[in-house]
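Below is one structure, written out as structure tokens; comments come after it.
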Amino acid sequence: MEPILQVKDLTHTYGAGTPFQRSAVEHMSFDVNEGEFLGIIGHTGSGKSTLIQHLNGLLQPTAGEILLRGKNIWAEPKKIREVRFKVGLVFQYPEYQLFEETVYKDIAFGPANQGKTGDELDHAVREAAKLVGIRDDQLEKSPFELSGGQKRRVALAGVLAMEPEVLVLDEPTAGLDPAGRENLMANIRDYHRNKGKTIILVSHSMDEIARNVDRILVLKNAHVLMQGTPAEVFARGEELLSAGLDVPQITRIAMELKRRGVDIDPAVYTVEALERQLLALRKGGAGC
Amino acid sequence: MLKDITLGQYFPGNSIAHKLDPRTKILLVTLYIIALFSAKGWMGYAVMAVTLAACVKVSHVGLRALVRGLKPLVFIIAFTGILNMFFTPDTHYLWEWGILRVSVKGIENALFMVIRIMLLVMGTFLMTYTTSPIRLTDGLESLLNPLKKIHVPVHELAMMMAIALRFIPTLIEETDKIMSAQKARGADFDSGNIFQKAKALVPILVPLFISAFRRADELATAMECRCYHGGEGRTKLHVLKYQRRDYVALTGGTVILALVVVLRRLGT
């Protein structure tokens with residue numbers, strides 16, 4: 001099957017021709033498959049934010065192209081808004097973009113721009129609110145009365161209401177407390193499971209990525225360092241660490257055990273998987 | 001787009017012009033402006049142009065950056081030039097058409113006006129290009145200090161100016177971010193008539209104001225936490241002190257002003 005999004009040899013240079021010239025993205029190429037949950041990880045300054053702003057046409061590539069269902073998104077620059085409805089982008093700290101008088105109106109901003117009206121609009125707003133766990137009585141409140149976590153849900157709903165085919169989330173859980181994080185990620189996982197839509201999750205946290213995604217893209221210094229399933233990527237744990245990146249806590253424990261001579265595969269990233277391996281070792285008679 | 005605003009932006013450097021005391025530079029610019037408006041005739045302007053050229057040379061700023069600063073003012077400069085060229089009264093005209101009359105004096109006036117504005121703008125920009133906003137406000141505060149005697153809130157004014165300058169880039173960045181976020185939700189800022197365009201700004205302005213108030217609040221708290229209570233008894237990390245180069249520069253500035261005034265007397 002054809003990938004839903006293809007990034008081909010993408011390069012983006014800021015401030016070309018000035019002394020401040022700097023490439024934030026250099027020759028990046030990768031595919032995003034229909035319905036997959038892709039995680040993007042990298043340091044601050046690795047080009048994550050620049051990259052994702054290309055996916056919905058907020059930034060125009062200096063070189064290279066982005067294909068959405070096989071079609072270059074910049075083929076018709078006038079229709080770039082269509083691309084933004086299909087690739088929904090939720091920025092970091094999205095609660096700072098709320099502006100309407102009521103939660104309902106704010107969620108309706110995107111779909112109304114799409115041209116939805118009447119029942120169709122109402123349905124889109126209520127459906128999106130339900131997906132992120134906003135209650136009906138909260139819809140008529142001012143978004144500024146809500147708590148930080150709830151504001152973020154409203155902002156997320158504002159993008160979900162456009163019913164995008166690809167959802168791009170930039171650090172959706174940044175600044176939330178642990179319970180809020182898990183709650184929001186559970187909403188996102190449910191959305192992925194029930195709607196079968198493609199999701200791209202950008203995160204700092206290896207643990208968050210490891211627990212949720214099907215495939216990982218690791219960025220470093222404006223380049224793609226590696227890509228593959230979590231097991232494939234974490235099997236190269238040493239490489240990740242030497243690149244200054246993190247590995248999930250469980251992987252770190254497994255790597256340390258391996259270093260101390262325990263015979264296990266260090267490419268585990270869940271408590272359950274590590275537990276299974278250790279139990280298998282005990283049955284085998286060897287081990288600690 | 002918004003990031004391209006460079007009007008009067010500071011270019012870090014290590015030249016003599018950068019090292020001069022900000023008070024010296026403010027005084028020099030004042031002398032320069034007085035001289036510029038006293039200048040008369042080709043000789044006077046030539047002196048001013050050479051002065052500016054010398055200052056540009058020692059500042060390492062580069063003429064191109066200065067000329068770029070003129071860009072937003074092209075319209076005003078052209079307007080002034082044209083106005084002077086066609087509407088200067090004289091006894092003898094080279095060309096007449098209705099109320100439009102061109103005389104030798106008019107052309108001369110127009111040229112002088114254009115040169116004067118350009119020199120004025122470039123001279124003041126040279127100061128902001130070589131002085132960081134913080135040093136500039138420090139200098140201004142110190143120069144205005146005597147006004148405290150008549151209860152002018154000099155310190156408060158300087159602090160307000162410093163904070164305002166400090167937040168310009170932050171707010172520009174914030175505006176950029178909010179615009180991107182709303183564009184991602186299909187906001188359209190470019191099409192439609194003027195009312196639609198004005199309405200399209202609401203999704204930017206509301207979040208921008210809210211975040212500006214939030215930042216102001218945070219800053220006030222942070223300042224109070226560090227026991228800020230106005231200028232009373234407050235000392236400075238970098239105490240301004242005139243050096244030998246400042247006296248040399250000020251003497252030079254005075255000499256040039258005197259020269260221009262003398263030329264004006266001799267010229268007419």
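Lettering and numbering for the structure tokens are positional, with chains as A, B, ... in the shown order, residues counted from 1 in each chain, and ligands counted from 1 in the shown order.
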
Using only C-alpha atoms, determine which residues lie at most 12 Å from His54 of chain A, disregarding the query and same-chain residues fewer than 4 positions distant; provide the list as a JSON list (two decimals) with N, CA and C atoms, in the first residue's frame.
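Once everything was written out, this is selection.json:
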```json
[["chain", "number", "residue", "atom", "x", "y", "z"],
["A", 5, "LEU", "N", 1.97, 9.63, 3.82],
["A", 5, "LEU", "CA", 2.85, 10.80, 3.73],
["A", 5, "LEU", "C", 4.25, 10.34, 3.34],
["A", 6, "GLN", "N", 4.84, 11.03, 2.40],
["A", 6, "GLN", "CA", 6.23, 10.72, 2.05],
["A", 6, "GLN", "C", 7.05, 12.01, 2.13],
["A", 7, "VAL", "N", 8.15, 11.92, 2.86],
["A", 7, "VAL", "CA", 9.07, 13.06, 2.94],
["A", 7, "VAL", "C", 10.27, 12.68, 2.09],
["A", 8, "LYS", "N", 10.56, 13.49, 1.08],
["A", 8, "LYS", "CA", 11.63, 13.13, 0.15],
["A", 8, "LYS", "C", 12.72, 14.18, 0.15],
["A", 10, "LEU", "N", 14.11, 16.19, 2.16],
["A", 10, "LEU", "CA", 13.68, 17.50, 2.63],
["A", 10, "LEU", "C", 14.84, 18.28, 3.26],
["A", 11, "THR", "N", 14.98, 19.53, 2.84],
["A", 11, "THR", "CA", 15.96, 20.42, 3.44],
["A", 11, "THR", "C", 15.28, 21.75, 3.72],
["A", 12, "HIS", "N", 15.54, 22.31, 4.90],
["A", 12, "HIS", "CA", 15.02, 23.64, 5.17],
["A", 12, "HIS", "C", 16.12, 24.49, 5.78],
["A", 24, "ALA", "N", 17.94, 23.67, 9.48],
["A", 24, "ALA", "CA", 17.28, 22.99, 10.60],
["A", 24, "ALA", "C", 16.94, 21.57, 10.20],
["A", 25, "VAL", "N", 16.78, 21.34, 8.89],
["A", 25, "VAL", "CA", 16.47, 20.02, 8.37],
["A", 25, "VAL", "C", 17.34, 19.80, 7.15],
["A", 28, "MET", "N", 16.29, 14.98, 4.74],
["A", 28, "MET", "CA", 15.51, 13.97, 5.47],
["A", 28, "MET", "C", 14.60, 13.25, 4.50],
["A", 47, "GLY", "N", 15.62, 19.56, 14.85],
["A", 47, "GLY", "CA", 14.85, 19.82, 13.64],
["A", 47, "GLY", "C", 13.43, 19.28, 13.69],
["A", 48, "LYS", "N", 13.00, 18.79, 14.86],
["A", 48, "LYS", "CA", 11.66, 18.21, 14.97],
["A", 48, "LYS", "C", 10.58, 19.21, 14.61],
["A", 49, "SER", "N", 10.64, 20.37, 15.27],
["A", 49, "SER", "CA", 9.56, 21.34, 15.07],
["A", 49, "SER", "C", 9.52, 21.84, 13.63],
["A", 50, "THR", "N", 10.71, 22.08, 13.07],
["A", 50, "THR", "CA", 10.76, 22.52, 11.68],
["A", 50, "THR", "C", 10.18, 21.45, 10.76],
["A", 58, "LEU", "N", 2.95, 24.60, 6.65],
["A", 58, "LEU", "CA", 3.17, 25.89, 7.30],
["A", 58, "LEU", "C", 4.51, 26.46, 6.87],
["A", 59, "LEU", "N", 5.46, 25.58, 6.62],
["A", 59, "LEU", "CA", 6.75, 26.00, 6.09],
["A", 59, "LEU", "C", 6.91, 25.38, 4.71],
["A", 60, "GLN", "N", 7.59, 26.09, 3.86],
["A", 60, "GLN", "CA", 7.83, 25.58, 2.52],
["A", 60, "GLN", "C", 9.26, 25.06, 2.44],
["A", 61, "PRO", "N", 9.46, 23.86, 1.89],
["A", 61, "PRO", "CA", 10.81, 23.30, 1.85],
["A", 61, "PRO", "C", 11.76, 24.18, 1.04],
["A", 62, "THR", "N", 13.01, 24.26, 1.50],
["A", 62, "THR", "CA", 14.04, 24.92, 0.69],
["A", 62, "THR", "C", 14.38, 24.00, -0.49],
["A", 63, "ALA", "N", 14.43, 22.70, -0.21],
["A", 63, "ALA", "CA", 14.63, 21.69, -1.26],
["A", 63, "ALA", "C", 13.91, 20.43, -0.85],
["A", 64, "GLY", "N", 13.59, 19.59, -1.82],
["A", 64, "GLY", "CA", 12.88, 18.36, -1.53],
["A", 64, "GLY", "C", 11.38, 18.56, -1.54],
["A", 65, "GLU", "N", 10.63, 17.48, -1.28],
["A", 65, "GLU", "CA", 9.18, 17.62, -1.32],
["A", 65, "GLU", "C", 8.47, 16.71, -0.32],
["A", 66, "ILE", "N", 7.22, 17.07, -0.06],
["A", 66, "ILE", "CA", 6.35, 16.28, 0.82],
["A", 66, "ILE", "C", 5.19, 15.79, -0.03],
["A", 67, "LEU", "N", 4.97, 14.48, -0.03],
["A", 67, "LEU", "CA", 3.85, 13.95, -0.79],
["A", 67, "LEU", "C", 2.77, 13.48, 0.16],
["A", 68, "LEU", "N", 1.54, 13.96, -0.08],
["A", 68, "LEU", "CA", 0.39, 13.49, 0.69],
["A", 68, "LEU", "C", -0.43, 12.63, -0.27],
["A", 72, "ASN", "N", 2.34, 15.99, -4.39],
["A", 72, "ASN", "CA", 3.13, 17.05, -3.76],
["A", 72, "ASN", "C", 2.20, 18.10, -3.17],
["A", 73, "ILE", "N", 2.37, 18.39, -1.86],
["A", 73, "ILE", "CA", 1.42, 19.31, -1.22],
["A", 73, "ILE", "C", 1.54, 20.74, -1.75],
["A", 74, "TRP", "N", 2.70, 21.06, -2.36],
["A", 74, "TRP", "CA", 2.86, 22.40, -2.89],
["A", 74, "TRP", "C", 2.58, 22.48, -4.38],
["A", 80, "ILE", "N", -3.27, 25.15, -0.26],
["A", 80, "ILE", "CA", -2.51, 24.61, 0.85],
["A", 80, "ILE", "C", -3.39, 24.44, 2.09],
["A", 83, "VAL", "N", -4.58, 20.99, 2.60],
["A", 83, "VAL", "CA", -3.59, 20.11, 3.21],
["A", 83, "VAL", "C", -3.65, 20.25, 4.73],
["A", 84, "ARG", "N", -3.84, 21.48, 5.21],
["A", 84, "ARG", "CA", -3.86, 21.70, 6.66],
["A", 84, "ARG", "C", -5.07, 21.05, 7.31],
["A", 87, "VAL", "N", -3.92, 17.22, 7.30],
["A", 87, "VAL", "CA", -2.85, 16.93, 8.25],
["A", 87, "VAL", "C", -3.02, 17.90, 9.42],
["A", 88, "GLY", "N", -3.65, 17.42, 10.48],
["A", 88, "GLY", "CA", -3.92, 18.30, 11.63],
["A", 88, "GLY", "C", -2.71, 18.39, 12.52],
["A", 89, "LEU", "N", -2.27, 19.62, 12.79],
["A", 89, "LEU", "CA", -1.07, 19.82, 13.60],
["A", 89, "LEU", "C", -1.44, 20.46, 14.93],
["A", 168, "VAL", "N", -0.77, 15.25, 13.84],
["A", 168, "VAL", "CA", 0.60, 15.46, 14.28],
["A", 168, "VAL", "C", 0.58, 16.15, 15.63],
["B", 180, "SER", "N", 0.91, 30.62, 13.35],
["B", 180, "SER", "CA", 1.08, 29.28, 12.79],
["B", 180, "SER", "C", 0.00, 28.35, 13.32],
["B", 184, "ALA", "N", -2.83, 26.46, 11.18],
["B", 184, "ALA", "CA", -2.98, 25.01, 11.18],
["B", 184, "ALA", "C", -4.45, 24.63, 11.35]]
```

Spatial neighbours of Phe91 of chain A, max dist 8 Å, only C-alpha atoms, sep filter under 2 positions, as a JSON list (two decimals) with N, CA and C atoms, in the first residue's frame:
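Generated file (result_16.json):
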```json
[["chain", "number", "residue", "atom", "x", "y", "z"],
["A", 89, "LEU", "N", -2.27, 19.62, 12.79],
["A", 89, "LEU", "CA", -1.07, 19.82, 13.60],
["A", 89, "LEU", "C", -1.44, 20.46, 14.93],
["A", 93, "TYR", "N", 2.17, 23.34, 23.77],
["A", 93, "TYR", "CA", 1.37, 24.23, 24.61],
["A", 93, "TYR", "C", 0.21, 24.84, 23.81],
["A", 94, "PRO", "N", -0.63, 24.00, 23.23],
["A", 94, "PRO", "CA", -1.68, 24.54, 22.34],
["A", 94, "PRO", "C", -2.71, 25.37, 23.08],
["A", 169, "LEU", "N", 1.20, 15.54, 16.64],
["A", 169, "LEU", "CA", 1.18, 16.10, 18.00],
["A", 169, "LEU", "C", 2.60, 16.46, 18.41],
["A", 170, "ASP", "N", 2.81, 17.74, 18.75],
["A", 170, "ASP", "CA", 4.13, 18.17, 19.19],
["A", 170, "ASP", "C", 4.15, 18.23, 20.71],
["A", 171, "GLU", "N", 4.79, 17.29, 21.34],
["A", 171, "GLU", "CA", 4.91, 17.26, 22.80],
["A", 171, "GLU", "C", 3.57, 17.48, 23.49],
["A", 172, "PRO", "N", 2.60, 16.62, 23.23],
["A", 172, "PRO", "CA", 1.26, 16.91, 23.77],
["A", 172, "PRO", "C", 1.19, 16.89, 25.28],
["B", 181, "ALA", "N", -0.26, 28.44, 14.63],
["B", 181, "ALA", "CA", -1.24, 27.55, 15.24],
["B", 181, "ALA", "C", -2.62, 27.77, 14.65]]
```

>> Tell me as a ChimeraX atom specification which residues belonging to chain B come within 6 Å of chain A, counting only C-alpha atoms.
In response: /B:178,184-186,203,206-207

> What residues in segment 42-210 of chain B get the DSSP label strand (DSSP E)? Please answer as a ChimeraX atom specification.
Replying inline: /B:95-97,100-102

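Comparing A:Ile52, A:Val125, A:Asn33, A:Ser147 by their smallest distance to Gly180 of chain A, the closest is A:Ser147 (using only C-alpha atoms).
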
>> Please extract the residues of segment 1-183 of chain B with a backbone DSSP assignment of alpha helix (DSSP H) and present them as an MDAnalysis selection string.
In response: chainID B and resid 16:19 22:38 41:59 63:70 74:87 104:130 133:144 154:183

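Residues within 6 Å of segment 112-121 of chain B, counting only C-alpha atoms and excluding same-chain residues fewer than 3 positions away, are Ile77, Gly81, Asn109 and Thr124 of chain B.
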
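One distance worth recording is that between atom CA of Ile209 of chain A and atom CA of Ser29 of chain A, which is 20.4 Å.
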
>> Need to verify the contact set: Thr128 of chain B, 9 Å, only C-alpha atoms, exclusion of same-chain residues closer than 3 positions in sequence. Can you return it as JSON, numbers by chain?
In response: {"B": [8, 9, 10, 11, 124, 125, 131, 132, 133, 136]}

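Candidate residues A:Gly149, A:Ile188, A:Leu51, A:Val262 were compared for distance to Gly175 of chain A, and the nearest is A:Gly149, using only C-alpha atoms.
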
>> If we count only C-alpha atoms and set the cut-off at 10 Å, which residues sit around Gly267 of chain B, ignoring sequence neighbours fewer than 4 positions away in its own chain? Please answer as a list in words.
In response: Lys40, Gly41, Trp42, Met43, Gly44, Val261, Val262 and Leu263 of chain B

> If we count only C-alpha atoms, what is near Asp214 of chain A at a cut-off of 8 Å, once residues fewer than 2 positions away on the same chain are taken out, given as a list in words?
Replying inline: Glu36, Phe37, Leu38, Gly39, Asn212, Ile216, Thr229 and Pro230 of chain A

> If we count only C-alpha atoms, what is near segment 254-258 of chain A at a cut-off of 12 Å, once residues fewer than 5 positions away on the same chain are taken out, given as JSON, numbers by chain?
Replying inline: {"A": [234, 235, 236, 237, 238, 241, 247, 248, 249, 263, 264, 265, 266, 267, 268, 269, 270, 271, 273, 274, 275, 277, 278, 287, 288]}

>> As an exercise, work out the distance from atom CA of Glu156 of chain B to atom CA of Gly231 of chain B in Å and give it to one decimal place.
In response: 7.3 Å

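Taking atom CA of Leu94 of chain B and atom CA of Ala78 of chain B as endpoints, the distance between them is 20.8 Å.
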
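The nearest approach to Ala49 of chain B among the residues B:Val239, B:Gly123, B:Val154, B:Phe189, with only C-alpha atoms taken into account, belongs to B:Gly123.
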
>> Which residue is closest to Ala46 of chain B? Choose from B:Val29, B:Leu266, B:Leu259, B:Ile204 and count only C-alpha atoms.
In response: B:Leu259
